[in-house]
Amino acid sequence: MNQRITALLGSIRELQESLETEWEARRRAFRYRLENGRVVFEAEARRRHRDLRVRLGTFLKRTRPMTVITAPVIYSLIVPFVLLDLMVWLYQAICFPVYGIARVPRGDYIRIDRHHLAYLNGLQKLNCVYCGYCNGVIAWVRVVAGRTEAFWCPIKHAARVAGPHDDYVHFTEYGDGEGYAEGLEVSRRRVTGQGVPGPGVTGQGGPAA
């Protein structure tokens, strides 16, 4: 890979580590910690949160009529999201082992934890569970699709792509016919956990390979 790109990726990783350090500081500031993935608030923080909660009746009185009217449309999307979740789970479970692609842990992306916040009423908690699930499914599916693309077609697009997945940066350049075969082999080794081969090791093929 281009040394400049490698250096930039290193800088991104350092920034991500710094961001995680800052998040940990924010956890301490808001007086909670994570124990085996479970959120634990200090007693005083829980009491303060209960005092801040808006009662459900008051919350509904403040809700705009158009919000109530559009709510069924929003919640109806749970059907395609659950189907997407199920189908991608089956796809990964059946196909990834065949090609040796490292599976993407679903639980790393779907987080349902906002309902533990005592300053939210019942409806707000339901909304947060819904949003956490749907956005988590999208994030997980995106990584699964990214690894699929990295295995079968690791070529960058000619035009800029907004918000590409993490594997995209490793793809071969658009129009680099000479580097395609080697780039394909390198990408496949990366997503199958076999490491990156040395220079001169090449491969080619598609879904029928």
# chains A, B, ... in the order shown; residues from 1 in each chain; ligands from 1
>>> residues_around(residues="Asn135 in chain A", least_positions_apart="3", cutoff="12 Å", atoms="only C-alpha atoms", output="CSV table (one decimal) with C-alpha atoms, in the first residue's frame")
chain,number,residue,atom,x,y,z
A,77,LEU,CA,-40.1,-0.3,9.2
A,78,ILE,CA,-39.4,-2.8,11.9
A,81,PHE,CA,-35.3,-4.4,9.4
A,82,VAL,CA,-36.0,-7.7,11.1
A,85,ASP,CA,-31.3,-8.9,10.1
A,109,TYR,CA,-22.9,-3.3,16.4
A,110,ILE,CA,-26.4,-3.8,17.8
A,111,ARG,CA,-26.5,-2.1,21.2
A,112,ILE,CA,-29.7,-2.0,23.3
A,128,CYS,CA,-34.4,4.5,21.9
A,129,VAL,CA,-34.6,0.7,21.7
A,130,TYR,CA,-36.0,0.9,18.2
A,131,CYS,CA,-33.4,3.4,17.0
A,132,GLY,CA,-30.6,1.4,18.6
A,138,ILE,CA,-27.5,-1.1,9.4
A,139,ALA,CA,-24.0,-0.8,10.8
A,140,TRP,CA,-23.6,-4.6,11.0
A,141,VAL,CA,-24.9,-5.3,7.6
A,142,ARG,CA,-22.6,-2.6,6.2
>>> select_by_dssp(residues="range 30-78 of chain A", states="helix (DSSP H, G or I)", output="mmCIF file with N, CA and C atoms, in the first residue's frame")
data_model
loop_
_atom_site.group_PDB
_atom_site.id
_atom_site.type_symbol
_atom_site.label_atom_id
_atom_site.label_comp_id
_atom_site.auth_asym_id
_atom_site.auth_seq_id
_atom_site.Cartn_x
_atom_site.Cartn_y
_atom_site.Cartn_z
ATOM 1 N N ALA A 43 -25.489 5.690 42.694
ATOM 2 C CA ALA A 43 -26.825 5.867 43.271
ATOM 3 C C ALA A 43 -27.315 7.301 43.140
ATOM 4 N N GLU A 44 -26.455 8.267 43.387
ATOM 5 C CA GLU A 44 -26.856 9.666 43.302
ATOM 6 C C GLU A 44 -27.232 10.042 41.877
ATOM 7 N N ALA A 45 -26.511 9.511 40.910
ATOM 8 C CA ALA A 45 -26.819 9.791 39.511
ATOM 9 C C ALA A 45 -28.183 9.220 39.142
ATOM 10 N N ARG A 46 -28.502 8.018 39.629
ATOM 11 C CA ARG A 46 -29.812 7.420 39.348
ATOM 12 C C ARG A 46 -30.932 8.257 39.944
ATOM 13 N N ARG A 47 -30.744 8.752 41.147
ATOM 14 C CA ARG A 47 -31.773 9.597 41.779
ATOM 15 C C ARG A 47 -31.978 10.880 40.981
ATOM 16 N N ARG A 48 -30.898 11.477 40.543
ATOM 17 C CA ARG A 48 -30.991 12.704 39.749
ATOM 18 C C ARG A 48 -31.720 12.439 38.441
ATOM 19 N N HIS A 49 -31.456 11.322 37.825
ATOM 20 C CA HIS A 49 -32.113 10.970 36.565
ATOM 21 C C HIS A 49 -33.616 10.797 36.747
ATOM 22 N N ARG A 50 -34.028 10.158 37.818
ATOM 23 C CA ARG A 50 -35.463 9.977 38.071
ATOM 24 C C ARG A 50 -36.160 11.320 38.251
ATOM 25 N N ASP A 51 -35.474 12.274 38.858
ATOM 26 C CA ASP A 51 -36.049 13.609 39.049
ATOM 27 C C ASP A 51 -36.215 14.343 37.720
ATOM 28 N N LEU A 52 -35.375 14.021 36.754
ATOM 29 C CA LEU A 52 -35.403 14.707 35.454
ATOM 30 C C LEU A 52 -36.414 14.103 34.476
ATOM 31 N N LEU A 56 -45.054 10.363 31.356
ATOM 32 C CA LEU A 56 -45.571 9.999 30.045
ATOM 33 C C LEU A 56 -46.753 10.869 29.635
ATOM 34 N N GLY A 57 -47.679 11.136 30.556
ATOM 35 C CA GLY A 57 -48.837 11.971 30.227
ATOM 36 C C GLY A 57 -48.421 13.361 29.775
ATOM 37 N N THR A 58 -47.491 13.957 30.488
ATOM 38 C CA THR A 58 -46.991 15.285 30.125
ATOM 39 C C THR A 58 -46.298 15.248 28.776
ATOM 40 N N PHE A 59 -45.524 14.194 28.557
ATOM 41 C CA PHE A 59 -44.800 14.036 27.302
ATOM 42 C C PHE A 59 -45.757 13.959 26.116
ATOM 43 N N LEU A 60 -46.837 13.190 26.276
ATOM 44 C CA LEU A 60 -47.807 13.037 25.189
ATOM 45 C C LEU A 60 -48.551 14.339 24.916
ATOM 46 N N LYS A 61 -48.822 15.116 25.962
ATOM 47 C CA LYS A 61 -49.494 16.400 25.763
ATOM 48 C C LYS A 61 -48.646 17.361 24.945
ATOM 49 N N PRO A 65 -49.309 16.811 16.763
ATOM 50 C CA PRO A 65 -50.206 15.856 16.085
ATOM 51 C C PRO A 65 -49.540 15.129 14.923
ATOM 52 N N MET A 66 -48.719 15.845 14.143
ATOM 53 C CA MET A 66 -48.065 15.217 12.994
ATOM 54 C C MET A 66 -47.088 14.135 13.433
ATOM 55 N N THR A 67 -46.529 14.270 14.635
ATOM 56 C CA THR A 67 -45.640 13.232 15.151
ATOM 57 C C THR A 67 -46.420 11.950 15.391
ATOM 58 N N VAL A 68 -47.633 12.096 15.934
ATOM 59 C CA VAL A 68 -48.484 10.931 16.187
ATOM 60 C C VAL A 68 -48.912 10.287 14.871
ATOM 61 N N ILE A 69 -49.236 11.116 13.886
ATOM 62 C CA ILE A 69 -49.711 10.603 12.600
ATOM 63 C C ILE A 69 -48.625 9.822 11.864
ATOM 64 N N THR A 70 -47.388 10.325 11.928
ATOM 65 C CA THR A 70 -46.292 9.674 11.195
ATOM 66 C C THR A 70 -45.679 8.502 11.952
ATOM 67 N N ALA A 71 -45.988 8.364 13.241
ATOM 68 C CA ALA A 71 -45.388 7.294 14.048
ATOM 69 C C ALA A 71 -45.616 5.895 13.466
ATOM 70 N N PRO A 72 -46.838 5.560 12.998
ATOM 71 C CA PRO A 72 -47.031 4.215 12.431
ATOM 72 C C PRO A 72 -46.128 3.928 11.232
ATOM 73 N N VAL A 73 -45.848 4.956 10.433
ATOM 74 C CA VAL A 73 -44.956 4.766 9.283
ATOM 75 C C VAL A 73 -43.547 4.427 9.765
ATOM 76 N N ILE A 74 -43.100 5.158 10.778
ATOM 77 C CA ILE A 74 -41.763 4.909 11.328
ATOM 78 C C ILE A 74 -41.660 3.500 11.883
ATOM 79 N N TYR A 75 -42.637 3.126 12.708
ATOM 80 C CA TYR A 75 -42.558 1.818 13.362
ATOM 81 C C TYR A 75 -42.801 0.660 12.394
ATOM 82 N N SER A 76 -43.474 0.921 11.276
ATOM 83 C CA SER A 76 -43.720 -0.158 10.313
ATOM 84 C C SER A 76 -42.425 -0.673 9.697
ATOM 85 N N ILE A 78 -39.958 -1.686 11.143
ATOM 86 C CA ILE A 78 -39.374 -2.771 11.926
ATOM 87 C C ILE A 78 -39.462 -4.097 11.166
#
>>> closest_residue(among="A:Tyr119, A:Arg4, A:Tyr91, A:Glu22", to="Val104 in chain A", atoms="only C-alpha atoms")
A:Tyr91
>>> residues_around(residues="range 161-177 of chain A", least_positions_apart="5", cutoff="12 Å", atoms="only C-alpha atoms", output="ChimeraX atom specification")
/A:1-2,5-6,8-9,12-13,139-156,182-191,196,204
>>> write_last_selection(atoms="N, CA and C atoms", output="compact mmCIF listing (two decimals), in the first residue's frame")
# COMPACT_ATOMS: atom_id res chain seq x y z
N MET A 1 0.85 -1.20 0.00
CA MET A 1 0.00 0.00 0.00
C MET A 1 0.88 1.24 0.00
N ASN A 2 0.41 2.32 -0.62
CA ASN A 2 1.11 3.59 -0.63
C ASN A 2 1.48 4.01 0.80
N ILE A 5 -0.73 6.62 2.45
CA ILE A 5 -2.01 6.10 2.92
C ILE A 5 -1.81 5.33 4.23
N THR A 6 -0.73 4.54 4.31
CA THR A 6 -0.43 3.79 5.53
C THR A 6 -0.25 4.74 6.71
N LEU A 8 -1.50 7.77 6.99
CA LEU A 8 -2.79 8.37 7.32
C LEU A 8 -3.66 7.42 8.13
N LEU A 9 -3.62 6.13 7.75
CA LEU A 9 -4.39 5.14 8.51
C LEU A 9 -3.88 5.04 9.95
N ILE A 12 -5.30 7.90 11.82
CA ILE A 12 -6.72 7.67 12.13
C ILE A 12 -6.86 6.76 13.34
N ARG A 13 -6.05 5.70 13.40
CA ARG A 13 -6.11 4.80 14.54
C ARG A 13 -5.74 5.52 15.84
N ALA A 139 -25.43 -0.81 10.62
CA ALA A 139 -23.98 -0.79 10.80
C ALA A 139 -23.38 -2.17 10.61
N TRP A 140 -24.05 -3.20 11.16
CA TRP A 140 -23.57 -4.57 11.04
C TRP A 140 -23.64 -5.06 9.60
N VAL A 141 -24.77 -4.82 8.95
CA VAL A 141 -24.95 -5.25 7.56
C VAL A 141 -23.91 -4.58 6.66
N ARG A 142 -23.61 -3.33 6.96
CA ARG A 142 -22.62 -2.59 6.16
C ARG A 142 -21.25 -3.27 6.20
N VAL A 143 -20.86 -3.74 7.37
CA VAL A 143 -19.56 -4.41 7.50
C VAL A 143 -19.59 -5.76 6.79
N VAL A 144 -20.69 -6.50 6.94
CA VAL A 144 -20.83 -7.78 6.24
C VAL A 144 -20.74 -7.56 4.73
N ALA A 145 -21.45 -6.55 4.23
CA ALA A 145 -21.42 -6.25 2.80
C ALA A 145 -20.02 -5.80 2.37
N GLY A 146 -19.34 -5.03 3.26
CA GLY A 146 -18.00 -4.57 2.95
C GLY A 146 -17.02 -5.72 2.80
N ARG A 147 -17.13 -6.70 3.69
CA ARG A 147 -16.23 -7.86 3.59
C ARG A 147 -16.54 -8.68 2.35
N THR A 148 -17.82 -8.73 1.99
CA THR A 148 -18.20 -9.44 0.77
C THR A 148 -17.58 -8.76 -0.44
N GLU A 149 -17.68 -7.44 -0.48
CA GLU A 149 -17.09 -6.68 -1.59
C GLU A 149 -15.58 -6.84 -1.62
N ALA A 150 -14.96 -6.85 -0.43
CA ALA A 150 -13.51 -7.00 -0.35
C ALA A 150 -13.05 -8.35 -0.87
N PHE A 151 -13.91 -9.36 -0.76
CA PHE A 151 -13.56 -10.70 -1.24
C PHE A 151 -13.75 -10.83 -2.75
N TRP A 152 -14.85 -10.25 -3.28
CA TRP A 152 -15.18 -10.47 -4.69
C TRP A 152 -14.75 -9.33 -5.62
N CYS A 153 -14.79 -8.11 -5.15
CA CYS A 153 -14.53 -6.99 -6.08
C CYS A 153 -13.86 -5.82 -5.37
N PRO A 154 -12.63 -6.00 -4.90
CA PRO A 154 -11.94 -4.92 -4.16
C PRO A 154 -11.32 -3.88 -5.08
N ILE A 155 -12.17 -3.16 -5.79
CA ILE A 155 -11.71 -2.10 -6.70
C ILE A 155 -12.40 -0.79 -6.31
N LYS A 156 -11.62 0.27 -6.17
CA LYS A 156 -12.22 1.56 -5.86
C LYS A 156 -13.07 2.05 -7.03
N GLU A 182 -3.15 -9.17 -8.16
CA GLU A 182 -2.45 -9.20 -6.88
C GLU A 182 -3.28 -8.52 -5.80
N GLY A 183 -3.93 -7.42 -6.16
CA GLY A 183 -4.78 -6.72 -5.19
C GLY A 183 -5.93 -7.58 -4.71
N LEU A 184 -6.50 -8.37 -5.61
CA LEU A 184 -7.59 -9.28 -5.25
C LEU A 184 -7.12 -10.31 -4.23
N GLU A 185 -5.95 -10.88 -4.49
CA GLU A 185 -5.41 -11.88 -3.58
C GLU A 185 -5.10 -11.28 -2.21
N VAL A 186 -4.53 -10.10 -2.21
CA VAL A 186 -4.21 -9.42 -0.95
C VAL A 186 -5.48 -9.15 -0.16
N SER A 187 -6.53 -8.65 -0.84
CA SER A 187 -7.78 -8.33 -0.18
C SER A 187 -8.43 -9.58 0.39
N ARG A 188 -8.39 -10.68 -0.37
CA ARG A 188 -9.00 -11.92 0.10
C ARG A 188 -8.26 -12.45 1.33
N ARG A 189 -6.96 -12.33 1.33
CA ARG A 189 -6.20 -12.77 2.49
C ARG A 189 -6.52 -11.92 3.71
N ARG A 190 -6.77 -10.67 3.48
CA ARG A 190 -7.07 -9.77 4.60
C ARG A 190 -8.40 -10.14 5.25
N VAL A 191 -9.44 -10.36 4.46
CA VAL A 191 -10.76 -10.63 5.04
C VAL A 191 -10.92 -12.07 5.51
N VAL A 196 -1.38 -10.66 4.78
CA VAL A 196 -1.10 -10.11 3.46
C VAL A 196 0.10 -10.82 2.86
N GLN A 204 -6.87 -14.54 -9.06
CA GLN A 204 -7.95 -13.88 -9.75
C GLN A 204 -9.19 -14.75 -9.70
>>> atom_distance(atom1="CA of Arg160 in chain A", atom2="CA of Leu84 in chain A")
27.2 Å
>>> select_by_dssp(residues="range 5-203 of chain A", states="strand (DSSP E)", output="PDB file with N, CA and C atoms, in the first residue's frame")
ATOM      1  N   TYR A  32     -21.005   6.869  35.609  1.00  0.00           N
ATOM      2  CA  TYR A  32     -21.373   5.485  35.342  1.00  0.00           C
ATOM      3  C   TYR A  32     -20.149   4.732  34.841  1.00  0.00           C
ATOM      4  N   ARG A  33     -20.244   3.418  34.867  1.00  0.00           N
ATOM      5  CA  ARG A  33     -19.164   2.562  34.399  1.00  0.00           C
ATOM      6  C   ARG A  33     -19.776   1.342  33.719  1.00  0.00           C
ATOM      7  N   LEU A  34     -18.957   0.631  32.986  1.00  0.00           N
ATOM      8  CA  LEU A  34     -19.394  -0.585  32.316  1.00  0.00           C
ATOM      9  C   LEU A  34     -18.786  -1.789  33.021  1.00  0.00           C
ATOM     10  N   GLU A  35     -19.633  -2.711  33.444  1.00  0.00           N
ATOM     11  CA  GLU A  35     -19.186  -3.936  34.079  1.00  0.00           C
ATOM     12  C   GLU A  35     -19.694  -5.129  33.280  1.00  0.00           C
ATOM     13  N   ARG A  38     -22.443  -4.248  31.079  1.00  0.00           N
ATOM     14  CA  ARG A  38     -23.641  -3.733  31.738  1.00  0.00           C
ATOM     15  C   ARG A  38     -23.366  -2.350  32.301  1.00  0.00           C
ATOM     16  N   VAL A  39     -24.316  -1.432  32.101  1.00  0.00           N
ATOM     17  CA  VAL A  39     -24.164  -0.059  32.583  1.00  0.00           C
ATOM     18  C   VAL A  39     -24.525   0.012  34.063  1.00  0.00           C
ATOM     19  N   VAL A  40     -23.638   0.609  34.849  1.00  0.00           N
ATOM     20  CA  VAL A  40     -23.881   0.768  36.287  1.00  0.00           C
ATOM     21  C   VAL A  40     -23.696   2.238  36.652  1.00  0.00           C
ATOM     22  N   PHE A  41     -24.800   2.880  37.076  1.00  0.00           N
ATOM     23  CA  PHE A  41     -24.750   4.268  37.514  1.00  0.00           C
ATOM     24  C   PHE A  41     -24.552   4.335  39.024  1.00  0.00           C
TER      25      PHE A  41
END
>>> closest_residue(among="A:Gly37, A:Pro97, A:Pro80, A:Gly179", to="Asp113 in chain A", atoms="only C-alpha atoms")
A:Gly37
